[in-house]
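Colleague: My structure is in structure-v4.cif, and what it holds is mmCIF, C-alpha atoms:
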data_model
loop_
_atom_site.label_atom_id
_atom_site.label_comp_id
_atom_site.auth_asym_id
_atom_site.auth_seq_id
_atom_site.Cartn_x
_atom_site.Cartn_y
_atom_site.Cartn_z
CA MET W 18 15.10 -13.91 2.02
CA PRO W 19 12.85 -14.96 -0.85
CA GLU W 20 14.38 -15.08 -4.28
CA ARG W 21 12.89 -12.62 -6.75
CA ILE W 22 12.88 -13.42 -10.44
CA ILE W 23 11.99 -10.60 -12.81
CA VAL W 24 9.54 -11.96 -15.35
CA VAL W 25 7.96 -8.86 -16.89
CA GLU W 26 9.63 -5.51 -17.18
CA GLY W 27 9.17 -2.48 -19.40
CA LEU W 28 5.50 -3.06 -20.21
CA THR W 29 3.99 0.39 -20.46
CA ILE W 30 0.74 2.09 -21.42
CA THR W 31 0.94 5.70 -22.52
CA TYR W 32 -2.23 7.66 -23.10
CA GLU W 33 -3.12 11.29 -23.52
CA GLY W 34 -6.67 12.56 -23.58
CA LEU W 35 -9.94 12.13 -21.72
CA PHE W 36 -10.33 9.55 -18.99
CA ASN W 37 -11.67 9.20 -15.49
CA ILE W 38 -8.95 8.65 -12.91
CA ARG W 39 -11.30 7.17 -10.30
CA ASP W 40 -12.64 4.67 -12.84
CA LEU W 41 -9.13 3.77 -13.99
CA TYR W 42 -8.14 3.11 -10.39
CA ASP W 43 -11.34 1.15 -9.79
CA VAL W 44 -10.77 -1.00 -12.86
CA MET W 45 -7.35 -1.94 -11.51
CA GLU W 46 -8.54 -2.53 -7.93
CA HIS W 47 -11.53 -4.55 -9.03
CA TRP W 48 -9.28 -6.72 -11.15
CA PHE W 49 -6.99 -7.37 -8.16
CA LYS W 50 -9.87 -8.21 -5.89
CA GLU W 51 -11.51 -10.49 -8.43
CA ARG W 52 -8.28 -12.40 -9.05
CA GLY W 53 -7.55 -12.89 -5.36
CA TYR W 54 -4.66 -10.51 -4.90
CA ASP W 55 -3.66 -8.91 -1.62
CA LYS W 56 -3.61 -5.16 -1.75
CA TYR W 57 -0.45 -3.31 -0.90
CA GLU W 58 -0.43 0.31 -1.97
CA LYS W 59 2.98 1.63 -1.17
CA LYS W 60 2.97 5.17 -2.52
CA ASN W 61 0.31 7.65 -3.49
CA PHE W 62 1.45 11.16 -4.32
CA GLU W 63 -0.70 14.04 -5.51
CA GLN W 64 0.30 17.59 -6.19
CA VAL W 65 -2.05 20.37 -7.14
CA LEU W 66 -0.09 22.56 -9.54
CA LYS W 67 -0.98 25.56 -11.69
CA ASP W 68 -1.18 23.53 -14.90
CA GLY W 69 -3.10 20.65 -13.36
CA ARG W 70 -2.60 17.79 -10.92
CA ASP W 71 0.38 15.46 -10.88
CA ILE W 72 -0.35 12.01 -9.49
CA TYR W 73 1.93 9.06 -8.82
CA ILE W 74 0.57 5.77 -7.50
CA GLU W 75 2.73 2.74 -6.80
CA THR W 76 1.06 -0.46 -5.82
CA TRP W 77 2.48 -3.95 -5.16
CA PRO W 78 -0.34 -6.50 -5.35
CA THR W 79 0.63 -10.02 -4.46
CA LYS W 80 -0.89 -13.49 -4.66
CA ALA W 81 0.35 -16.87 -3.50
CA LEU W 82 0.51 -19.50 -6.23
CA THR W 83 1.67 -22.26 -3.89
CA ASP W 84 3.30 -22.44 -0.47
CA TYR W 85 6.58 -21.93 -2.26
CA ALA W 86 5.89 -19.48 -5.09
CA ARG W 87 4.15 -16.14 -5.16
CA ILE W 88 3.29 -13.57 -7.83
CA THR W 89 4.13 -9.97 -7.10
CA MET W 90 3.46 -7.07 -9.42
CA LYS W 91 4.63 -3.51 -9.31
CA ILE W 92 2.24 -1.10 -10.98
CA MET W 93 3.26 2.52 -11.34
CA ILE W 94 0.62 4.99 -12.51
CA HIS W 95 1.90 8.42 -13.39
CA VAL W 96 -0.60 11.09 -14.37
CA LYS W 97 0.63 14.50 -15.46
CA LYS W 98 -1.14 17.81 -16.00
CA MET W 99 -4.52 16.36 -15.13
CA LYS W 100 -7.43 18.77 -15.31
CA ASP W 101 -11.09 18.31 -14.49
CA VAL W 102 -13.33 18.78 -17.53
CA ILE W 103 -17.05 18.48 -18.15
CA VAL W 104 -18.05 16.48 -21.19
CA LYS W 105 -21.52 16.39 -22.73
CA LYS W 106 -22.72 12.91 -23.63
CA ASP W 107 -26.31 12.15 -24.59
CA ASN W 108 -27.34 15.57 -23.22
CA MET W 109 -25.77 14.69 -19.88
CA ASP W 110 -22.87 16.48 -18.21
CA ILE W 111 -20.18 14.03 -17.22
CA LYS W 112 -17.22 14.98 -15.05
CA MET W 113 -14.01 13.65 -16.51
CA ASN W 114 -10.29 14.24 -16.44
CA GLN W 115 -7.88 15.21 -19.13
CA GLY W 116 -4.16 14.68 -19.06
CA LYS W 117 -1.28 12.33 -19.72
CA VAL W 118 -1.32 8.84 -18.23
CA ASN W 119 1.62 6.52 -18.04
CA VAL W 120 1.20 3.07 -16.49
CA GLU W 121 4.20 0.81 -16.04
CA PHE W 122 3.89 -2.88 -15.19
CA LYS W 123 6.46 -5.16 -13.65
CA GLY W 124 5.94 -8.79 -12.76
CA TYR W 125 8.00 -10.83 -10.33
CA LEU W 126 8.04 -14.40 -9.17
CA LEU W 127 8.99 -14.84 -5.52
CA THR W 128 10.18 -18.26 -4.46
CA ASP W 129 10.38 -19.46 -0.86
CA TRP W 130 8.39 -16.42 0.24
CA GLU W 131 7.78 -17.90 3.67
CA ASN W 132 11.53 -18.20 4.29
CA ARG W 133 11.19 -21.85 5.15
CA TRP W 134 14.41 -22.85 3.41
CA ASP W 135 16.62 -20.06 4.64
CA GLY W 136 17.15 -21.01 8.25
CA LYS W 137 20.10 -23.35 7.95
CA PRO W 138 22.92 -23.67 5.39
CA LEU W 139 21.87 -27.26 4.61
CA PHE W 140 18.31 -26.12 3.87
CA TYR W 141 19.62 -23.35 1.65
CA PHE W 142 21.76 -25.85 -0.24
CA LEU W 143 18.81 -28.21 -0.65
CA ARG W 144 16.62 -25.41 -1.90
CA THR W 145 19.23 -24.36 -4.47
CA ALA W 146 19.65 -27.97 -5.61
CA PHE W 147 15.88 -28.43 -5.89
CA ASP W 148 15.52 -25.19 -7.82
CA ARG W 149 18.29 -26.28 -10.17
CA TRP W 150 17.38 -29.92 -10.88
CA VAL W 151 13.91 -30.74 -9.62
CA TYR W 152 11.81 -27.60 -9.93
CA PRO W 153 12.75 -26.06 -13.32
CA VAL W 154 9.53 -27.38 -14.86
CA ASN W 155 7.45 -25.80 -12.11
CA THR W 156 9.45 -22.58 -12.12
CA SER W 157 8.86 -22.08 -15.83
CA LYS W 158 5.13 -22.76 -15.29
CA TRP W 159 5.02 -20.16 -12.53
CA GLN W 160 6.92 -17.68 -14.66
CA ALA W 161 4.40 -18.19 -17.44
CA ALA W 162 1.60 -17.60 -14.91
CA VAL W 163 3.19 -14.30 -13.85
CA ALA W 164 3.57 -13.18 -17.45
CA GLU W 165 -0.04 -14.15 -18.18
CA GLU W 166 -1.42 -12.31 -15.16
CA VAL W 167 0.53 -9.13 -15.87
CA ASN W 168 -0.48 -9.27 -19.50
CA LEU W 169 -4.14 -9.73 -18.56
CA LEU W 170 -4.07 -6.67 -16.32
CA TYR W 171 -2.25 -4.76 -19.05
CA GLN W 172 -4.96 -5.67 -21.56
CA THR W 173 -7.73 -4.77 -19.08
CA MET W 174 -6.32 -1.31 -18.41
CA LYS W 175 -5.57 -0.80 -22.07
CA GLY W 176 -9.15 -1.77 -22.82
CA TYR W 177 -10.44 0.77 -20.33
CA LEU W 178 -8.42 3.50 -22.03
CA ASN W 179 -9.70 2.29 -25.39
CA LEU W 180 -6.24 1.60 -26.70
CA ASN W 181 -6.84 -1.85 -28.15
CA ARG W 182 -6.45 -2.07 -31.89
CA TYR W 183 -8.29 -4.67 -33.90
CA MET N 429 5.38 -4.88 8.23
CA SER N 430 2.72 -2.99 6.34
CA SER N 431 3.49 0.56 5.30
CA PHE N 432 2.48 3.36 2.97
CA ILE N 433 3.60 6.80 1.86
CA LEU N 434 1.22 9.55 0.80
CA ARG N 435 2.20 12.92 -0.57
CA TYR N 436 -0.22 15.72 -1.16
CA LYS N 437 0.26 19.36 -2.01
CA GLY N 438 -2.67 21.70 -1.74
CA VAL N 439 -5.20 23.24 0.61
CA PHE N 440 -6.74 21.25 3.46
CA ASP N 441 -8.11 21.47 6.97
CA LEU N 442 -5.29 20.56 9.37
CA GLN N 443 -7.51 20.13 12.42
CA GLY N 444 -9.83 18.02 10.31
CA LEU N 445 -6.93 15.80 9.27
CA ILE N 446 -5.87 15.19 12.88
CA SER N 447 -9.42 14.49 14.03
CA THR N 448 -10.03 12.16 11.07
CA VAL N 449 -7.00 10.02 11.92
CA THR N 450 -7.55 10.02 15.69
CA GLY N 451 -11.27 9.40 15.13
CA TRP N 452 -10.47 6.37 12.99
CA PHE N 453 -8.20 5.00 15.71
CA GLU N 454 -10.80 5.61 18.41
CA LYS N 455 -13.53 4.00 16.36
CA LEU N 456 -11.50 0.80 16.23
CA GLY N 457 -10.70 0.92 19.94
CA TYR N 458 -7.06 2.00 19.70
CA GLU N 459 -5.40 4.19 22.28
CA THR N 460 -3.79 7.18 20.65
CA TYR N 461 -1.42 9.99 21.28
CA ILE N 462 -0.04 12.79 19.15
CA TYR N 463 3.57 13.78 19.36
CA GLN N 464 5.20 16.81 17.81
CA THR N 465 8.81 16.64 16.84
CA LYS N 466 9.47 19.76 14.82
CA SER N 467 8.08 23.22 14.23
CA LYS N 468 10.31 25.59 12.35
CA VAL N 469 9.67 28.96 10.73
CA THR N 470 11.14 29.35 7.25
CA ALA N 471 10.93 32.00 4.52
CA PHE N 472 8.09 30.10 2.76
CA GLY N 473 5.98 29.33 5.80
CA THR N 474 6.53 26.87 8.59
CA GLU N 475 7.75 23.31 8.64
CA GLU N 476 5.81 20.99 10.89
CA GLU N 477 6.47 17.41 11.83
CA PHE N 478 4.24 15.35 14.03
CA GLY N 479 3.04 11.83 14.42
CA ILE N 480 -0.10 10.06 15.55
CA ARG N 481 0.41 6.72 17.19
CA GLY N 482 -2.29 4.24 17.97
CA TRP N 483 -1.96 0.90 19.68
CA MET N 484 -4.20 -1.84 20.91
CA ASN N 485 -3.56 -5.05 22.81
CA GLU N 486 -5.61 -7.43 20.75
CA THR N 487 -4.80 -10.38 22.99
CA GLU N 488 -2.67 -10.75 26.08
CA TYR N 489 0.17 -11.82 23.86
CA HIS N 490 0.13 -9.55 20.82
CA ARG N 491 -0.17 -5.83 20.31
CA LEU N 492 -0.94 -3.88 17.16
CA LYS N 493 0.79 -0.56 16.73
CA ILE N 494 0.17 1.88 13.88
CA ASP N 495 2.19 5.00 13.46
CA VAL N 496 1.41 7.82 11.01
CA TYR N 497 4.09 10.44 10.71
CA PHE N 498 3.28 13.74 9.00
CA LYS N 499 5.90 16.04 7.53
CA MET N 500 4.53 19.34 6.32
CA PHE N 501 6.45 21.91 4.33
CA ASP N 502 5.64 25.54 3.46
CA VAL N 503 2.69 25.58 5.81
CA THR N 504 0.70 28.80 5.42
CA PRO N 505 -2.80 29.58 6.68
CA VAL N 506 -5.28 30.60 3.99
CA GLU N 507 -8.80 31.90 4.17
CA VAL N 508 -11.26 30.20 1.88
CA VAL N 509 -14.91 30.98 1.28
CA GLN N 510 -16.75 27.66 1.11
CA ASP N 511 -20.54 27.63 0.60
CA GLY N 512 -20.68 31.32 1.57
CA GLU N 513 -18.85 30.62 4.81
CA LYS N 514 -15.36 31.85 5.64
CA ARG N 515 -13.02 29.07 6.73
CA GLU N 516 -9.41 29.07 7.77
CA LEU N 517 -7.56 26.27 6.02
CA THR N 518 -3.92 25.32 5.56
CA LYS N 519 -1.88 25.30 2.40
CA ALA N 520 1.07 22.93 2.54
CA ALA N 521 2.96 20.04 1.02
CA VAL N 522 2.34 16.97 3.17
CA GLU N 523 4.12 13.66 3.38
CA ALA N 524 2.36 11.04 5.48
CA THR N 525 4.24 7.85 6.25
CA GLY N 526 2.27 5.07 7.83
CA SER N 527 3.65 1.89 9.29
CA GLY N 528 2.18 -0.96 11.24
CA GLN N 529 3.95 -3.12 13.73
CA PHE N 530 2.76 -6.47 14.99
CA ILE N 531 4.37 -6.93 18.40
CA THR N 532 4.31 -10.28 20.14
CA ASP N 533 5.03 -10.80 23.83
CA PHE N 534 4.76 -7.07 24.47
CA SER N 535 4.98 -7.50 28.23
CA ASP N 536 8.28 -9.45 27.92
CA ARG N 537 6.98 -12.51 29.71
CA PHE N 538 9.18 -14.80 27.63
CA GLU N 539 12.34 -12.76 28.01
CA GLY N 540 13.38 -14.17 31.40
CA SER N 541 15.72 -16.92 30.22
CA THR N 542 17.12 -18.48 27.07
CA PHE N 543 14.78 -21.46 27.54
CA MET N 544 11.75 -19.15 27.61
CA GLN N 545 12.97 -17.36 24.49
CA LYS N 546 13.35 -20.70 22.68
CA LEU N 547 9.91 -21.68 23.89
CA LYS N 548 8.52 -18.45 22.49
CA GLN N 549 10.22 -19.10 19.14
CA PHE N 550 8.84 -22.64 19.05
CA MET N 551 5.35 -21.47 19.93
CA GLU N 552 5.34 -18.74 17.27
CA LYS N 553 6.82 -20.98 14.60
CA ARG N 554 4.96 -24.21 15.21
CA ILE N 555 1.85 -23.69 17.34
CA ILE N 556 0.25 -20.33 16.63
CA ASN N 557 1.90 -19.56 13.30
CA GLU N 558 -1.13 -20.32 11.14
CA ARG N 559 -3.52 -18.28 13.24
CA TYR N 560 -1.07 -15.41 13.20
CA ASP N 561 -0.15 -15.46 9.54
CA THR N 562 -3.53 -16.13 8.04
CA ILE N 563 -5.82 -14.26 10.39
CA TRP N 564 -4.25 -11.59 12.53
CA LYS N 565 -1.39 -10.41 10.35
CA ASP N 566 -3.63 -10.35 7.29
CA ASN N 567 -6.30 -8.41 9.14
CA PHE N 568 -3.71 -6.01 10.42
CA HIS N 569 -2.26 -5.42 6.97
CA TYR N 570 -5.71 -4.46 5.69
CA ARG N 571 -6.26 -2.21 8.68
CA VAL N 572 -3.12 -0.24 7.79
CA GLN N 573 -4.28 -0.09 4.17
CA GLU N 574 -7.69 1.14 5.39
CA LEU N 575 -6.01 3.99 7.24
CA ASN N 576 -4.24 4.80 3.97
CA GLU N 577 -7.66 4.98 2.27
CA VAL N 578 -9.07 7.16 5.09
CA ILE N 579 -6.30 9.73 4.66
CA LYS N 580 -6.65 9.64 0.86
CA ARG N 581 -10.38 10.21 1.20
CA PHE N 582 -9.74 13.12 3.53
CA PHE N 583 -7.47 14.81 1.00
CA ASP N 584 -9.92 13.85 -1.76
CA MET N 585 -7.05 12.34 -3.71
CA SER N 586 -7.72 10.95 -7.15
CA GLY N 587 -6.28 7.50 -6.61
CA GLN N 588 -8.72 6.08 -4.13
CA GLY N 589 -10.62 2.87 -4.44
CA LYS N 590 -13.85 1.42 -3.21
CA TYR N 591 -13.18 -2.29 -3.37
CA TRP N 592 -11.17 -2.71 -0.19
#
Output the structure of this file as structure tokens.
Modeller:
Amino acid sequence: MPERIIVVEGLTITYEGLFNIRDLYDVMEHWFKERGYDKYEKKNFEQVLKDGRDIYIETWPTKALTDYARITMKIMIHVKKMKDVIVKKDNMDIKMNQGKVNVEFKGYLLTDWENRWDGKPLFYFLRTAFDRWVYPVNTSKWQAAVAEEVNLLYQTMKGYLNLNRY
Amino acid sequence: MSSFILRYKGVFDLQGLISTVTGWFEKLGYETYIYQTKSKVTAFGTEEEFGIRGWMNETEYHRLKIDVYFKMFDVTPVEVVQDGEKRELTKAAVEATGSGQFITDFSDRFEGSTFMQKLKQFMEKRIINERYDTIWKDNFHYRVQELNEVIKRFFDMSGQGKYW
């Protein structure tokens, strides 16, 4: 089994107001596609309730850094009490959504994701020894890459929701 | 291998849902069948469980199998007037679980002896591994994700993308 190191946890965006859910989703998907991630949408829940729609989306995009290390993210989008509203902008009617959005980001580094070093006890020992004494420099580089990628996505989504402060 | 879970609560066309999924399978050349496992009447409507399974032998050695299992709770028929036309739709809470399976040696040709099994392992690990991992398994993963998108589009769910 690959080893999973938690690099980013507890990074959250909270927003309440006007937004467009399709655009928010597209911003995220486009970012994944552009950066070479594989798509893996695990959960997508939607409930139509009296006070609006409740949506929960959980996606696990992943990208190989090397044959040995891989970035995996867990993005959880939770939208509550979302209603469709029509907004007038430049004399044009634009369909938008209003509600509460909560996006949580987690970043993981997976090592030996192809299970090449798991087959035999000797291999497992060698892998542990390499991780301990030979690879720490690389591992910290990979961890930094995970943190950077998650942070970049966080900034992109924050930018879409106009939450950046200058 | 690849999997997804979708949950939706609202009004939809049940027959349309079944024909959308089976139509998608047929379009890609899969053989399909629908199996029903549960139909129970409760105080809030009925509970229905059924699955749609599609499979295709992509080569003589490997088979792709996709299974979508629907669990529906509080199923009640509702009449809706859409564009001046009366339509009978279904109101329910739906959970759709999709999973894809990549089956190798589906006709058990390498199961005859231990030697053949070892040969199969060697072949999959050393000879055809790259073709499998980088082409077929990847393609298959995206096919399962595409089915996920098709069902989301059918329900007109908010979280649906256009880039994959």
Colleague: Considering all atoms listed in the file, tabulate each residue of chain W that lies at most 6 Å from chain N along with its nearest interatomic pair and the corresponding distance in Å to one decimal; arrange the rows by chain and ascending residue number and present them as JSON lines.
Modeller:
{"residue": "W:Asp43", "atom": "CA", "partner": "N:Gly589", "partner_atom": "CA", "distance": 5.7}
{"residue": "W:Lys59", "atom": "CA", "partner": "N:Phe432", "partner_atom": "CA", "distance": 4.5}
{"residue": "W:Lys60", "atom": "CA", "partner": "N:Ile433", "partner_atom": "CA", "distance": 4.7}
{"residue": "W:Asn61", "atom": "CA", "partner": "N:Leu434", "partner_atom": "CA", "distance": 4.8}
{"residue": "W:Phe62", "atom": "CA", "partner": "N:Arg435", "partner_atom": "CA", "distance": 4.2}
{"residue": "W:Glu63", "atom": "CA", "partner": "N:Tyr436", "partner_atom": "CA", "distance": 4.7}
{"residue": "W:Gln64", "atom": "CA", "partner": "N:Lys437", "partner_atom": "CA", "distance": 4.5}
{"residue": "W:Val65", "atom": "CA", "partner": "N:Gly438", "partner_atom": "CA", "distance": 5.6}
Colleague: When you count only C-alpha atoms, which of these residues is closest to Phe568 of chain N: N:Lys455, N:Arg581, N:Met484, N:Met544?
Modeller: N:Met484
Colleague: List as a PyMOL selection string the protein and nucleic acid residues near Trp483 of chain N, meaning an atom at most 9 Å away when all atoms listed in the file are counted, but skip any in the same chain fewer than 2 places from it.
Modeller: chain N and resi 453+457-460+481+485+491-495
Colleague: Report the distance between atom CA of Asn179 of chain W and atom CA of Tyr32 of chain W in Å, rounded to one decimal place.
Modeller: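 That distance, rounded to one decimal, is 9.5 Å.
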Colleague: Using the chain letters and numbers from the file, give me the residues hit by the PyMOL selection byres ((chain W and resi 96) around 8), as a list in words.
Modeller: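 That expression, the PyMOL selection byres ((chain W and resi 96) around 8), corresponds here to Arg70, Asp71, Ile72, Tyr73, Ile94, His95, Lys97, Lys98, Met99, Gly116, Lys117, Val118 and Asn119 of chain W.
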